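So this block is protein_23.pdb, PDB, C-alpha atoms, pLDDT in the B column:
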```pdb
ATOM      1  CA  MET W   8    -116.756 -43.903 -27.057  1.00 93.00           C
ATOM      2  CA  ARG W   9    -117.663 -41.144 -29.496  1.00 95.00           C
ATOM      3  CA  ILE W  10    -115.821 -38.699 -31.797  1.00 96.00           C
ATOM      4  CA  GLU W  11    -117.046 -35.210 -32.657  1.00 96.00           C
ATOM      5  CA  VAL W  12    -115.240 -33.450 -35.521  1.00 95.00           C
ATOM      6  CA  SER W  13    -115.377 -29.759 -36.472  1.00 94.00           C
ATOM      7  CA  ASP W  14    -113.128 -27.504 -38.525  1.00 92.00           C
ATOM      8  CA  LEU W  15    -111.633 -24.378 -36.968  1.00 89.00           C
ATOM      9  CA  GLY W  16    -110.955 -22.401 -40.159  1.00 84.00           C
ATOM     10  CA  ASP W  17    -109.068 -23.757 -43.140  1.00 85.00           C
ATOM     11  CA  SER W  18    -106.028 -25.181 -41.428  1.00 91.00           C
ATOM     12  CA  VAL W  19    -107.059 -26.657 -38.068  1.00 94.00           C
ATOM     13  CA  ARG W  20    -109.448 -29.485 -37.287  1.00 95.00           C
ATOM     14  CA  ASN W  21    -110.911 -30.015 -33.805  1.00 96.00           C
ATOM     15  CA  VAL W  22    -111.548 -33.603 -32.747  1.00 96.00           C
ATOM     16  CA  ALA W  23    -113.377 -34.138 -29.451  1.00 97.00           C
ATOM     17  CA  LEU W  24    -113.264 -37.563 -27.837  1.00 97.00           C
ATOM     18  CA  VAL W  25    -116.097 -38.524 -25.507  1.00 97.00           C
ATOM     19  CA  GLY W  26    -116.025 -41.545 -23.198  1.00 97.00           C
ATOM     20  CA  ARG W  27    -113.457 -44.058 -22.006  1.00 97.00           C
ATOM     21  CA  LEU W  28    -110.210 -44.888 -23.808  1.00 97.00           C
ATOM     22  CA  ASP W  29    -109.898 -48.365 -22.332  1.00 95.00           C
ATOM     23  CA  THR W  30    -109.301 -51.411 -24.555  1.00 94.00           C
ATOM     24  CA  SER W  31    -112.938 -51.625 -25.638  1.00 93.00           C
ATOM     25  CA  GLY W  32    -113.166 -47.897 -26.300  1.00 95.00           C
ATOM     26  CA  VAL W  33    -109.983 -47.851 -28.381  1.00 96.00           C
ATOM     27  CA  LEU W  34    -110.964 -50.904 -30.419  1.00 94.00           C
ATOM     28  CA  GLY W  35    -114.295 -49.258 -31.149  1.00 94.00           C
ATOM     29  CA  ILE W  36    -112.930 -45.899 -32.199  1.00 95.00           C
ATOM     30  CA  GLU W  37    -109.392 -46.295 -33.578  1.00 95.00           C
ATOM     31  CA  THR W  38    -110.277 -46.479 -37.261  1.00 95.00           C
ATOM     32  CA  SER W  39    -112.634 -43.490 -37.013  1.00 94.00           C
ATOM     33  CA  PHE W  40    -110.038 -41.532 -35.061  1.00 95.00           C
ATOM     34  CA  VAL W  41    -107.303 -42.105 -37.644  1.00 93.00           C
ATOM     35  CA  THR W  42    -109.712 -41.295 -40.481  1.00 92.00           C
ATOM     36  CA  ALA W  43    -110.787 -38.077 -38.772  1.00 90.00           C
ATOM     37  CA  LEU W  44    -107.202 -36.895 -38.368  1.00 89.00           C
ATOM     38  CA  VAL W  45    -104.827 -38.116 -41.000  1.00 85.00           C
ATOM     39  CA  PRO W  46    -106.152 -37.775 -44.574  1.00 83.00           C
ATOM     40  CA  HIS W  47    -107.261 -34.137 -44.475  1.00 81.00           C
ATOM     41  CA  GLY W  48    -103.941 -32.296 -44.513  1.00 86.00           C
ATOM     42  CA  LYS W  49    -104.851 -30.115 -41.530  1.00 92.00           C
ATOM     43  CA  HIS W  50    -103.296 -29.606 -38.141  1.00 95.00           C
ATOM     44  CA  VAL W  51    -105.421 -31.239 -35.452  1.00 96.00           C
ATOM     45  CA  VAL W  52    -106.296 -30.293 -31.891  1.00 97.00           C
ATOM     46  CA  VAL W  53    -107.796 -33.074 -29.779  1.00 97.00           C
ATOM     47  CA  ASP W  54    -110.231 -32.160 -27.000  1.00 98.00           C
ATOM     48  CA  LEU W  55    -109.744 -34.575 -24.076  1.00 98.00           C
ATOM     49  CA  SER W  56    -112.102 -32.815 -21.658  1.00 98.00           C
ATOM     50  CA  LYS W  57    -114.751 -35.521 -21.941  1.00 98.00           C
ATOM     51  CA  VAL W  58    -112.360 -38.472 -21.785  1.00 98.00           C
ATOM     52  CA  GLU W  59    -112.966 -40.105 -18.395  1.00 97.00           C
ATOM     53  CA  PHE W  60    -110.282 -42.799 -18.587  1.00 97.00           C
ATOM     54  CA  ILE W  61    -107.179 -43.610 -20.587  1.00 97.00           C
ATOM     55  CA  GLY W  62    -104.962 -46.694 -20.423  1.00 96.00           C
ATOM     56  CA  SER W  63    -101.986 -47.856 -22.437  1.00 93.00           C
ATOM     57  CA  MET W  64    -104.150 -48.755 -25.440  1.00 94.00           C
ATOM     58  CA  GLY W  65    -105.252 -45.125 -25.709  1.00 96.00           C
ATOM     59  CA  LEU W  66    -101.670 -43.916 -25.375  1.00 94.00           C
ATOM     60  CA  ARG W  67    -100.568 -46.320 -28.102  1.00 92.00           C
ATOM     61  CA  MET W  68    -103.275 -45.013 -30.422  1.00 94.00           C
ATOM     62  CA  PHE W  69    -102.136 -41.431 -29.792  1.00 95.00           C
ATOM     63  CA  ILE W  70     -98.439 -42.285 -30.299  1.00 92.00           C
ATOM     64  CA  SER W  71     -99.169 -44.090 -33.540  1.00 91.00           C
ATOM     65  CA  VAL W  72    -101.242 -41.210 -34.926  1.00 94.00           C
ATOM     66  CA  ALA W  73     -98.700 -38.624 -33.737  1.00 93.00           C
ATOM     67  CA  ARG W  74     -95.993 -40.405 -35.738  1.00 91.00           C
ATOM     68  CA  THR W  75     -98.132 -40.468 -38.857  1.00 91.00           C
ATOM     69  CA  MET W  76     -99.045 -36.796 -38.487  1.00 92.00           C
ATOM     70  CA  ARG W  77     -95.410 -35.844 -37.986  1.00 91.00           C
ATOM     71  CA  ASP W  78     -94.404 -37.772 -41.095  1.00 91.00           C
ATOM     72  CA  LYS W  79     -96.987 -35.744 -43.022  1.00 91.00           C
ATOM     73  CA  GLN W  80     -95.699 -32.534 -41.400  1.00 92.00           C
ATOM     74  CA  MET W  81     -98.982 -31.826 -39.657  1.00 93.00           C
ATOM     75  CA  LYS W  82     -99.190 -30.820 -36.016  1.00 94.00           C
ATOM     76  CA  LEU W  83    -101.160 -32.748 -33.404  1.00 96.00           C
ATOM     77  CA  VAL W  84    -101.927 -31.026 -30.096  1.00 97.00           C
ATOM     78  CA  PHE W  85    -104.040 -32.283 -27.193  1.00 98.00           C
ATOM     79  CA  TYR W  86    -105.919 -30.097 -24.722  1.00 98.00           C
ATOM     80  CA  ALA W  87    -107.998 -29.981 -21.535  1.00 98.00           C
ATOM     81  CA  PRO W  88    -107.413 -33.465 -20.099  1.00 98.00           C
ATOM     82  CA  GLN W  89    -109.221 -34.220 -16.856  1.00 98.00           C
ATOM     83  CA  PRO W  90    -106.796 -34.365 -13.881  1.00 97.00           C
ATOM     84  CA  LEU W  91    -106.682 -38.169 -13.543  1.00 97.00           C
ATOM     85  CA  VAL W  92    -106.271 -38.598 -17.288  1.00 98.00           C
ATOM     86  CA  ASN W  93    -103.535 -35.985 -17.197  1.00 97.00           C
ATOM     87  CA  ASN W  94    -101.784 -37.988 -14.459  1.00 95.00           C
ATOM     88  CA  VAL W  95    -101.530 -40.918 -16.867  1.00 95.00           C
ATOM     89  CA  LEU W  96    -100.208 -38.672 -19.644  1.00 95.00           C
ATOM     90  CA  GLU W  97     -97.577 -37.317 -17.261  1.00 93.00           C
ATOM     91  CA  THR W  98     -96.645 -40.792 -16.000  1.00 90.00           C
ATOM     92  CA  ALA W  99     -96.001 -41.844 -19.587  1.00 89.00           C
ATOM     93  CA  ALA W 100     -94.033 -38.643 -20.319  1.00 88.00           C
ATOM     94  CA  PHE W 101     -96.502 -38.076 -23.119  1.00 91.00           C
ATOM     95  CA  ALA W 102     -95.415 -34.440 -23.552  1.00 91.00           C
ATOM     96  CA  ARG W 103     -92.320 -35.828 -25.328  1.00 89.00           C
ATOM     97  CA  ILE W 104     -94.681 -37.140 -28.011  1.00 90.00           C
ATOM     98  CA  ALA W 105     -97.129 -34.284 -28.413  1.00 93.00           C
ATOM     99  CA  SER W 106     -98.036 -30.978 -26.755  1.00 95.00           C
ATOM    100  CA  VAL W 107    -100.761 -31.026 -24.116  1.00 97.00           C
ATOM    101  CA  CYS W 108    -102.380 -27.604 -23.565  1.00 97.00           C
ATOM    102  CA  ALA W 109    -104.839 -26.264 -21.019  1.00 97.00           C
ATOM    103  CA  ASP W 110    -107.502 -25.171 -23.486  1.00 97.00           C
ATOM    104  CA  ALA W 111    -108.520 -24.939 -27.127  1.00 96.00           C
ATOM    105  CA  ALA W 112    -107.095 -21.465 -27.695  1.00 95.00           C
ATOM    106  CA  GLN W 113    -103.657 -22.520 -26.501  1.00 97.00           C
ATOM    107  CA  ALA W 114    -103.849 -25.697 -28.530  1.00 97.00           C
ATOM    108  CA  VAL W 115    -104.715 -23.835 -31.737  1.00 96.00           C
ATOM    109  CA  ALA W 116    -101.888 -21.352 -31.046  1.00 95.00           C
ATOM    110  CA  ALA W 117     -99.509 -24.314 -30.583  1.00 95.00           C
ATOM    111  CA  THR W 118    -100.333 -25.610 -34.051  1.00 94.00           C
ATOM    112  CA  LYS W 119     -99.081 -22.282 -35.457  1.00 89.00           C
ATOM    113  CA  ALA W 120     -95.907 -22.086 -33.376  1.00 83.00           C
TER     114      ALA W 120
ATOM    115  CA  MET O  23    -116.674 -50.776   2.804  1.00 56.00           C
ATOM    116  CA  PRO O  24    -113.292 -51.868   4.231  1.00 60.00           C
ATOM    117  CA  GLY O  25    -113.128 -55.559   5.036  1.00 67.00           C
ATOM    118  CA  ALA O  26    -115.288 -56.658   2.121  1.00 74.00           C
ATOM    119  CA  GLU O  27    -114.037 -59.015  -0.598  1.00 86.00           C
ATOM    120  CA  HIS O  28    -115.363 -59.557  -4.088  1.00 93.00           C
ATOM    121  CA  ILE O  29    -114.326 -62.196  -6.635  1.00 95.00           C
ATOM    122  CA  LEU O  30    -114.630 -61.938 -10.424  1.00 96.00           C
ATOM    123  CA  ARG O  31    -114.059 -65.128 -12.436  1.00 95.00           C
ATOM    124  CA  PHE O  32    -114.261 -65.103 -16.215  1.00 94.00           C
ATOM    125  CA  PRO O  33    -112.877 -66.663 -19.440  1.00 93.00           C
ATOM    126  CA  ALA O  34    -109.724 -65.058 -20.851  1.00 92.00           C
ATOM    127  CA  THR O  35    -111.484 -63.355 -23.764  1.00 91.00           C
ATOM    128  CA  LEU O  36    -111.999 -59.698 -24.641  1.00 90.00           C
ATOM    129  CA  ALA O  37    -115.782 -60.114 -24.530  1.00 91.00           C
ATOM    130  CA  ALA O  38    -115.650 -61.538 -21.026  1.00 94.00           C
ATOM    131  CA  TYR O  39    -113.161 -58.855 -19.993  1.00 94.00           C
ATOM    132  CA  GLU O  40    -115.673 -56.134 -20.960  1.00 93.00           C
ATOM    133  CA  GLN O  41    -118.331 -57.684 -18.767  1.00 95.00           C
ATOM    134  CA  ALA O  42    -115.891 -58.174 -15.887  1.00 96.00           C
ATOM    135  CA  PHE O  43    -114.694 -54.572 -16.197  1.00 95.00           C
ATOM    136  CA  ALA O  44    -118.313 -53.381 -15.913  1.00 95.00           C
ATOM    137  CA  GLU O  45    -118.720 -55.553 -12.814  1.00 95.00           C
ATOM    138  CA  LEU O  46    -115.510 -54.124 -11.341  1.00 96.00           C
ATOM    139  CA  ARG O  47    -116.876 -50.609 -11.800  1.00 94.00           C
ATOM    140  CA  CYS O  48    -120.138 -51.536 -10.086  1.00 94.00           C
ATOM    141  CA  THR O  49    -118.155 -52.980  -7.172  1.00 94.00           C
ATOM    142  CA  LEU O  50    -116.071 -49.811  -6.866  1.00 93.00           C
ATOM    143  CA  ASP O  51    -119.301 -47.769  -6.956  1.00 91.00           C
ATOM    144  CA  ALA O  52    -120.702 -49.834  -4.118  1.00 91.00           C
ATOM    145  CA  GLN O  53    -117.516 -49.405  -2.092  1.00 90.00           C
ATOM    146  CA  ALA O  54    -117.525 -45.591  -2.544  1.00 88.00           C
ATOM    147  CA  VAL O  55    -113.809 -45.581  -3.340  1.00 91.00           C
ATOM    148  CA  GLU O  56    -112.438 -42.040  -3.793  1.00 93.00           C
ATOM    149  CA  ALA O  57    -111.666 -40.943  -7.340  1.00 95.00           C
ATOM    150  CA  LYS O  58    -107.897 -41.403  -7.581  1.00 96.00           C
ATOM    151  CA  ALA O  59    -107.841 -44.872  -6.022  1.00 96.00           C
ATOM    152  CA  ARG O  60    -110.780 -45.862  -8.164  1.00 96.00           C
ATOM    153  CA  TYR O  61    -108.971 -44.714 -11.321  1.00 97.00           C
ATOM    154  CA  ASN O  62    -105.826 -46.599 -10.296  1.00 97.00           C
ATOM    155  CA  ALA O  63    -107.793 -49.791  -9.596  1.00 97.00           C
ATOM    156  CA  GLU O  64    -109.504 -49.583 -12.993  1.00 98.00           C
ATOM    157  CA  LEU O  65    -106.183 -48.864 -14.719  1.00 97.00           C
ATOM    158  CA  ILE O  66    -104.455 -51.836 -13.058  1.00 97.00           C
ATOM    159  CA  PHE O  67    -107.374 -54.141 -13.890  1.00 98.00           C
ATOM    160  CA  GLU O  68    -107.376 -52.958 -17.523  1.00 96.00           C
ATOM    161  CA  GLU O  69    -103.632 -53.381 -17.998  1.00 95.00           C
ATOM    162  CA  ILE O  70    -103.167 -56.694 -16.188  1.00 95.00           C
ATOM    163  CA  VAL O  71    -106.240 -58.435 -17.595  1.00 95.00           C
ATOM    164  CA  THR O  72    -105.687 -57.378 -21.208  1.00 93.00           C
ATOM    165  CA  ASN O  73    -102.037 -58.414 -20.873  1.00 91.00           C
ATOM    166  CA  ILE O  74    -103.110 -61.873 -19.685  1.00 92.00           C
ATOM    167  CA  ILE O  75    -105.611 -62.162 -22.555  1.00 91.00           C
ATOM    168  CA  CYS O  76    -103.315 -60.878 -25.302  1.00 86.00           C
ATOM    169  CA  HIS O  77     -99.997 -62.421 -24.185  1.00 81.00           C
ATOM    170  CA  GLY O  78    -100.897 -65.178 -21.743  1.00 75.00           C
ATOM    171  CA  CYS O  79    -103.713 -67.658 -21.421  1.00 71.00           C
ATOM    172  CA  GLY O  80    -105.987 -65.894 -23.924  1.00 61.00           C
ATOM    173  CA  HIS O  81    -104.396 -67.956 -26.698  1.00 62.00           C
ATOM    174  CA  GLY O  82    -105.610 -71.277 -25.297  1.00 66.00           C
ATOM    175  CA  PRO O  83    -109.168 -72.613 -25.312  1.00 68.00           C
ATOM    176  CA  HIS O  84    -109.425 -73.026 -21.515  1.00 73.00           C
ATOM    177  CA  GLY O  85    -107.901 -69.811 -20.207  1.00 87.00           C
ATOM    178  CA  THR O  86    -109.547 -68.514 -17.065  1.00 91.00           C
ATOM    179  CA  ILE O  87    -108.883 -65.392 -15.035  1.00 95.00           C
ATOM    180  CA  GLU O  88    -109.881 -64.847 -11.422  1.00 96.00           C
ATOM    181  CA  VAL O  89    -109.625 -61.434  -9.813  1.00 97.00           C
ATOM    182  CA  SER O  90    -110.166 -61.066  -6.101  1.00 97.00           C
ATOM    183  CA  LEU O  91    -110.777 -57.571  -4.763  1.00 96.00           C
ATOM    184  CA  GLY O  92    -110.091 -56.963  -1.089  1.00 95.00           C
ATOM    185  CA  PHE O  93    -111.041 -53.685   0.545  1.00 92.00           C
ATOM    186  CA  ALA O  94    -108.896 -53.226   3.637  1.00 85.00           C
ATOM    187  CA  ASP O  95    -108.262 -50.053   5.627  1.00 81.00           C
ATOM    188  CA  GLY O  96    -106.251 -47.750   3.415  1.00 89.00           C
ATOM    189  CA  ALA O  97    -105.886 -50.135   0.487  1.00 95.00           C
ATOM    190  CA  ILE O  98    -107.529 -52.075  -2.290  1.00 96.00           C
ATOM    191  CA  VAL O  99    -105.799 -55.441  -2.730  1.00 97.00           C
ATOM    192  CA  MET O 100    -106.243 -56.913  -6.214  1.00 97.00           C
ATOM    193  CA  LYS O 101    -105.209 -60.557  -6.725  1.00 98.00           C
ATOM    194  CA  PHE O 102    -105.016 -61.775 -10.326  1.00 97.00           C
ATOM    195  CA  CYS O 103    -104.854 -65.530 -10.927  1.00 96.00           C
ATOM    196  CA  ASP O 104    -104.538 -67.136 -14.352  1.00 94.00           C
ATOM    197  CA  ASN O 105    -103.416 -70.452 -15.808  1.00 90.00           C
ATOM    198  CA  GLY O 106    -101.285 -69.042 -18.612  1.00 89.00           C
ATOM    199  CA  PRO O 107     -97.511 -69.204 -19.087  1.00 89.00           C
ATOM    200  CA  ALA O 108     -95.387 -67.911 -16.211  1.00 90.00           C
ATOM    201  CA  PHE O 109     -95.034 -64.129 -16.268  1.00 89.00           C
ATOM    202  CA  ASP O 110     -93.534 -62.045 -13.493  1.00 90.00           C
ATOM    203  CA  PRO O 111     -94.124 -58.395 -14.381  1.00 87.00           C
ATOM    204  CA  ARG O 112     -91.695 -57.264 -11.689  1.00 86.00           C
ATOM    205  CA  GLY O 113     -88.801 -58.536 -13.768  1.00 76.00           C
ATOM    206  CA  HIS O 114     -89.554 -56.449 -16.838  1.00 73.00           C
ATOM    207  CA  LYS O 115     -87.654 -53.215 -17.223  1.00 68.00           C
ATOM    208  CA  VAL O 116     -89.640 -50.551 -19.019  1.00 66.00           C
ATOM    209  CA  ALA O 117     -88.039 -47.597 -20.707  1.00 59.00           C
ATOM    210  CA  GLU O 118     -89.742 -44.230 -20.356  1.00 65.00           C
ATOM    211  CA  ILE O 119     -90.892 -42.494 -23.508  1.00 68.00           C
ATOM    212  CA  SER O 120     -87.936 -40.420 -24.607  1.00 70.00           C
ATOM    213  CA  SER O 121     -89.071 -39.061 -27.965  1.00 71.00           C
ATOM    214  CA  ILE O 122     -91.594 -39.691 -30.706  1.00 69.00           C
ATOM    215  CA  GLU O 123     -88.903 -41.486 -32.712  1.00 69.00           C
ATOM    216  CA  GLU O 124     -87.922 -43.826 -29.895  1.00 68.00           C
ATOM    217  CA  ALA O 125     -91.249 -44.346 -28.144  1.00 67.00           C
ATOM    218  CA  ARG O 126     -92.022 -48.022 -27.817  1.00 65.00           C
ATOM    219  CA  ILE O 127     -95.607 -48.943 -28.504  1.00 64.00           C
ATOM    220  CA  GLY O 128     -95.380 -51.943 -26.158  1.00 66.00           C
ATOM    221  CA  GLY O 129     -94.547 -52.015 -22.465  1.00 76.00           C
ATOM    222  CA  LEU O 130     -96.421 -48.891 -21.437  1.00 85.00           C
ATOM    223  CA  GLY O 131     -99.086 -50.845 -19.560  1.00 90.00           C
ATOM    224  CA  LEU O 132     -96.702 -52.400 -17.054  1.00 89.00           C
ATOM    225  CA  GLU O 133     -95.145 -49.026 -16.355  1.00 88.00           C
ATOM    226  CA  LEU O 134     -98.605 -47.556 -15.680  1.00 92.00           C
ATOM    227  CA  VAL O 135     -99.341 -50.440 -13.287  1.00 94.00           C
ATOM    228  CA  ARG O 136     -96.067 -49.879 -11.489  1.00 92.00           C
ATOM    229  CA  ARG O 137     -96.772 -46.176 -11.033  1.00 92.00           C
ATOM    230  CA  ALA O 138    -100.418 -46.668  -9.998  1.00 95.00           C
ATOM    231  CA  SER O 139     -99.700 -49.289  -7.329  1.00 96.00           C
ATOM    232  CA  ALA O 140     -98.314 -49.191  -3.812  1.00 95.00           C
ATOM    233  CA  GLY O 141     -96.929 -52.723  -4.059  1.00 95.00           C
ATOM    234  CA  ILE O 142     -96.678 -55.708  -6.410  1.00 96.00           C
ATOM    235  CA  ASP O 143     -96.100 -59.333  -5.462  1.00 97.00           C
ATOM    236  CA  TYR O 144     -95.921 -62.392  -7.719  1.00 97.00           C
ATOM    237  CA  GLN O 145     -95.886 -66.152  -7.256  1.00 96.00           C
ATOM    238  CA  ARG O 146     -95.863 -69.038  -9.739  1.00 96.00           C
ATOM    239  CA  THR O 147     -97.737 -71.783  -7.921  1.00 96.00           C
ATOM    240  CA  PRO O 148     -97.032 -75.547  -8.015  1.00 96.00           C
ATOM    241  CA  GLN O 149    -100.334 -75.795  -9.924  1.00 93.00           C
ATOM    242  CA  ASP O 150     -98.752 -73.723 -12.738  1.00 92.00           C
ATOM    243  CA  GLU O 151    -100.794 -70.639 -12.051  1.00 93.00           C
ATOM    244  CA  ASN O 152     -99.716 -67.012 -11.975  1.00 95.00           C
ATOM    245  CA  HIS O 153    -100.754 -65.268  -8.750  1.00 97.00           C
ATOM    246  CA  LEU O 154    -100.159 -61.526  -9.000  1.00 97.00           C
ATOM    247  CA  THR O 155    -101.116 -59.272  -6.088  1.00 97.00           C
ATOM    248  CA  VAL O 156    -101.275 -55.520  -6.641  1.00 97.00           C
ATOM    249  CA  THR O 157    -102.024 -53.122  -3.794  1.00 97.00           C
ATOM    250  CA  VAL O 158    -103.577 -49.703  -4.400  1.00 97.00           C
ATOM    251  CA  ALA O 159    -103.483 -47.018  -1.718  1.00 94.00           C
ATOM    252  CA  ALA O 160    -107.088 -45.970  -1.152  1.00 91.00           C
ATOM    253  CA  ARG O 161    -109.438 -43.736   0.752  1.00 85.00           C
ATOM    254  CA  TRP O 162    -113.171 -43.973   0.870  1.00 83.00           C
ATOM    255  CA  ASN O 163    -115.462 -41.068   0.106  1.00 81.00           C
ATOM    256  CA  ARG O 164    -116.935 -41.202   3.606  1.00 69.00           C
ATOM    257  CA  ASP O 165    -113.395 -40.623   4.970  1.00 61.00           C
ATOM    258  CA  GLU O 166    -113.270 -37.176   3.390  1.00 53.00           C
ATOM    259  CA  GLY O 167    -114.434 -34.113   5.292  1.00 47.00           C
TER     260      GLY O 167
END
```
Take the structure in this file and express it as C-alpha cells.
Amino acid sequence: MRIEVSDLGDSVRNVALVGRLDTSGVLGIETSFVTALVPHGKHVVVDLSKVEFIGSMGLRMFISVARTMRDKQMKLVFYAPQPLVNNVLETAAFARIASVCADAAQAVAATKA
Amino acid sequence: MPGAEHILRFPATLAAYEQAFAELRCTLDAQAVEAKARYNAELIFEEIVTNIICHGCGHGPHGTIEVSLGFADGAIVMKFCDNGPAFDPRGHKVAEISSIEEARIGGLGLELVRRASAGIDYQRTPQDENHLTVTVAARWNRDEG
C-alpha cells in the first residue's frame, strides 16, 4: 500500500492511494494517511483509482478520518473508485459519510460547494 | 476448475492471515474465477478471518483456523472452521450507515459478508468448533464469451 500526496493550489490537497485496503494494507498505511490529511488545514480529495480492494478496515479508516476532518471544518471527497471497490462503498452506504465523485475535477469542485 | 477443493490451515494470528490470504489469491488465480466472484471471495475471507482473529480464537495461544475452498458449478463454497468461542454471525443485526454522526465503526464487516454471499450456514459442533459455510455465486473466466 502506498500514498502519493500533492497540493492542488493553496486550499486542496490530493492524496492518491495505491494498492489494497485490506487489513494488512490499512495497518501499514493508517498513520501516514491521517498525517497526510488532517494537520494541514486543507480540503482533501482522495484518488481511489489505484485501490484494487477495500474491506471494512478501509471503510473504518475513512469514516474515522471523515469525522476528524468534519470536526475541523475541512471537506473530504473521494473520487474514481474502481467498479468493485465502488460496489463496497455503495453496500456500506458510504455516500452518507463523504462524497464520492467520478473524477478529480468533480471532487475538487465538491470541496468548494 | 469446478470440482476442485483446496484447504488452508493456519494459526489465528495476523501474520499467518497475511500468508493465507496470499495463498487464497494464488488459488483463485489458478481457478480463473471471474472478477466479481473473486472480489467477493477475498472480501469474505478478509472479514471472517480477521473477525475470528480479533474477536475469537486469536486471543488464545492455540487458536487455529481452517478454510476449505470448494469450486462447484456456479459457486465457490468457503468453509471456515475455528476453535474459538461460539459465534453465529447470522444472529447479528447490523445497522446501515445512516450519517457520519451515527456511523458505527464496528459491524461493517458482517454486513459486507452478508451482501457478498449467496448463502450463509453455521454450526457449533460437539467438539466446540465453529463451522461457518459461506457460498459465493461464481462464474469462471472460460465461461465468458
Using all atoms listed in the file, select each residue of chain W with any atom at most 10 Å away from an atom of chain O, and give the selection as a tab-separated table (two decimals) with C-alpha atoms, keeping the file's coordinate frame.
```tsv
chain	number	residue	atom	x	y	z
W	29	ASP	CA	-109.90	-48.36	-22.33
W	30	THR	CA	-109.30	-51.41	-24.56
W	31	SER	CA	-112.94	-51.62	-25.64
W	59	GLU	CA	-112.97	-40.10	-18.40
W	60	PHE	CA	-110.28	-42.80	-18.59
W	61	ILE	CA	-107.18	-43.61	-20.59
W	62	GLY	CA	-104.96	-46.69	-20.42
W	63	SER	CA	-101.99	-47.86	-22.44
W	64	MET	CA	-104.15	-48.76	-25.44
W	66	LEU	CA	-101.67	-43.92	-25.38
W	67	ARG	CA	-100.57	-46.32	-28.10
W	68	MET	CA	-103.28	-45.01	-30.42
W	70	ILE	CA	-98.44	-42.28	-30.30
W	71	SER	CA	-99.17	-44.09	-33.54
W	73	ALA	CA	-98.70	-38.62	-33.74
W	74	ARG	CA	-95.99	-40.40	-35.74
W	77	ARG	CA	-95.41	-35.84	-37.99
W	90	PRO	CA	-106.80	-34.36	-13.88
W	91	LEU	CA	-106.68	-38.17	-13.54
W	92	VAL	CA	-106.27	-38.60	-17.29
W	94	ASN	CA	-101.78	-37.99	-14.46
W	95	VAL	CA	-101.53	-40.92	-16.87
W	96	LEU	CA	-100.21	-38.67	-19.64
W	98	THR	CA	-96.64	-40.79	-16.00
W	99	ALA	CA	-96.00	-41.84	-19.59
W	100	ALA	CA	-94.03	-38.64	-20.32
W	101	PHE	CA	-96.50	-38.08	-23.12
W	102	ALA	CA	-95.42	-34.44	-23.55
W	103	ARG	CA	-92.32	-35.83	-25.33
W	104	ILE	CA	-94.68	-37.14	-28.01
W	105	ALA	CA	-97.13	-34.28	-28.41
```
Requested in this report: Apply the PyMOL selection byres ((chain O and resi 144-157) around 6) to the displayed file and report the matching residues as a ChimeraX atom specification.
Outcome: /O:98-105,139-143,158
Using all atoms of region 154-164 of chain O that appear in the file, construct an axis-aligned enclosing box with 5 Å of padding on every side and provide its centre coordinates and edge lengths in Å, rounded to one decimal, as lines of an AutoDock Vina configuration file.
```
center_x = -108.5
center_y = -51.3
center_z = -2.7
size_x = 26.8
size_y = 30.5
size_z = 22.6
```
Query raised in the report: Suppose you want the space between CA of Pro107 (chain O) and CA of Gly85 (chain O); what is it in Å?
Result: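 Here the two named atoms are 10.5 Å from each other.
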Query - Test item: residues at most 10 Å from Leu46 (chain O), all atoms listed in the file, excluding those fewer than 4 positions along its chain, as a list in words - result: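 Residues near the query, excluding close chain neighbours: His28, Ile29, Leu30, Glu40, Gln41, Ala42, Leu50, Asp51, Ala52, Ala63, Glu64, Phe67, Val89 and Leu91 of chain O.
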Requested in this report: For the file shown, report as a list in words the outcome of the PyMOL selection byres ((chain W and resi 8) around 7) at residue level.
Outcome: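 When the PyMOL selection byres ((chain W and resi 8) around 7) is applied, the selected residues are Arg9, Val25, Gly26, Arg27, Gly32 and Ile36 of chain W.
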Requested in this report: Given the file shown, enumerate the residues that the PyMOL selection byres ((chain O and resi 96) around 6) captures and present them as a list in words.
Outcome: Asp95, Ala97, Ala159, Ala160 and Arg161 of chain O
Report task. Figure out the distance between CA of Ala34 (chain O) and CA of Ile74 (chain O), please, to one decimal in Å. Result ->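 That distance, rounded to one decimal, is 7.4 Å.
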Which neighbours of Val55 (chain O) fall inside 6 Å, counting all atoms listed in the file, when residues of the same chain fewer than 2 positions from it are skipped, and could you give them as an mmCIF file with C-alpha atoms, keeping the file's coordinate frame?
```cif
data_model
loop_
_atom_site.group_PDB
_atom_site.id
_atom_site.type_symbol
_atom_site.label_atom_id
_atom_site.label_comp_id
_atom_site.auth_asym_id
_atom_site.auth_seq_id
_atom_site.Cartn_x
_atom_site.Cartn_y
_atom_site.Cartn_z
ATOM 1 C CA LEU O 50 -116.071 -49.811 -6.866
ATOM 2 C CA GLN O 53 -117.516 -49.405 -2.092
ATOM 3 C CA ARG O 60 -110.780 -45.862 -8.164
ATOM 4 C CA TRP O 162 -113.171 -43.973 0.870
ATOM 5 C CA ASN O 163 -115.462 -41.068 0.106
#
```
Requested in this report: For CA of Pro88 (chain W) and CA of Arg136 (chain O), determine how far apart the two atoms are, in Å to one decimal place.
Outcome: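 So the two atoms, CA of Pro88 (chain W) and CA of Arg136 (chain O), lie 21.7 Å apart.
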Query - Counting all atoms listed in the file, the residue of W:Ala120, W:Val53, W:Val58, W:Val72 that sits nearest Val107 (chain W) - result: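 Smallest separation from Val107 (chain W) among the options: W:Val53.
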Report task. Dump as a ChimeraX atom specification all residues having an atom at most 12 Å from (-109.8, -29.5, -39.3), computed in the file's coordinates with all atoms listed in the file. Result -> /W:11-23,42-53,81-83,115,118
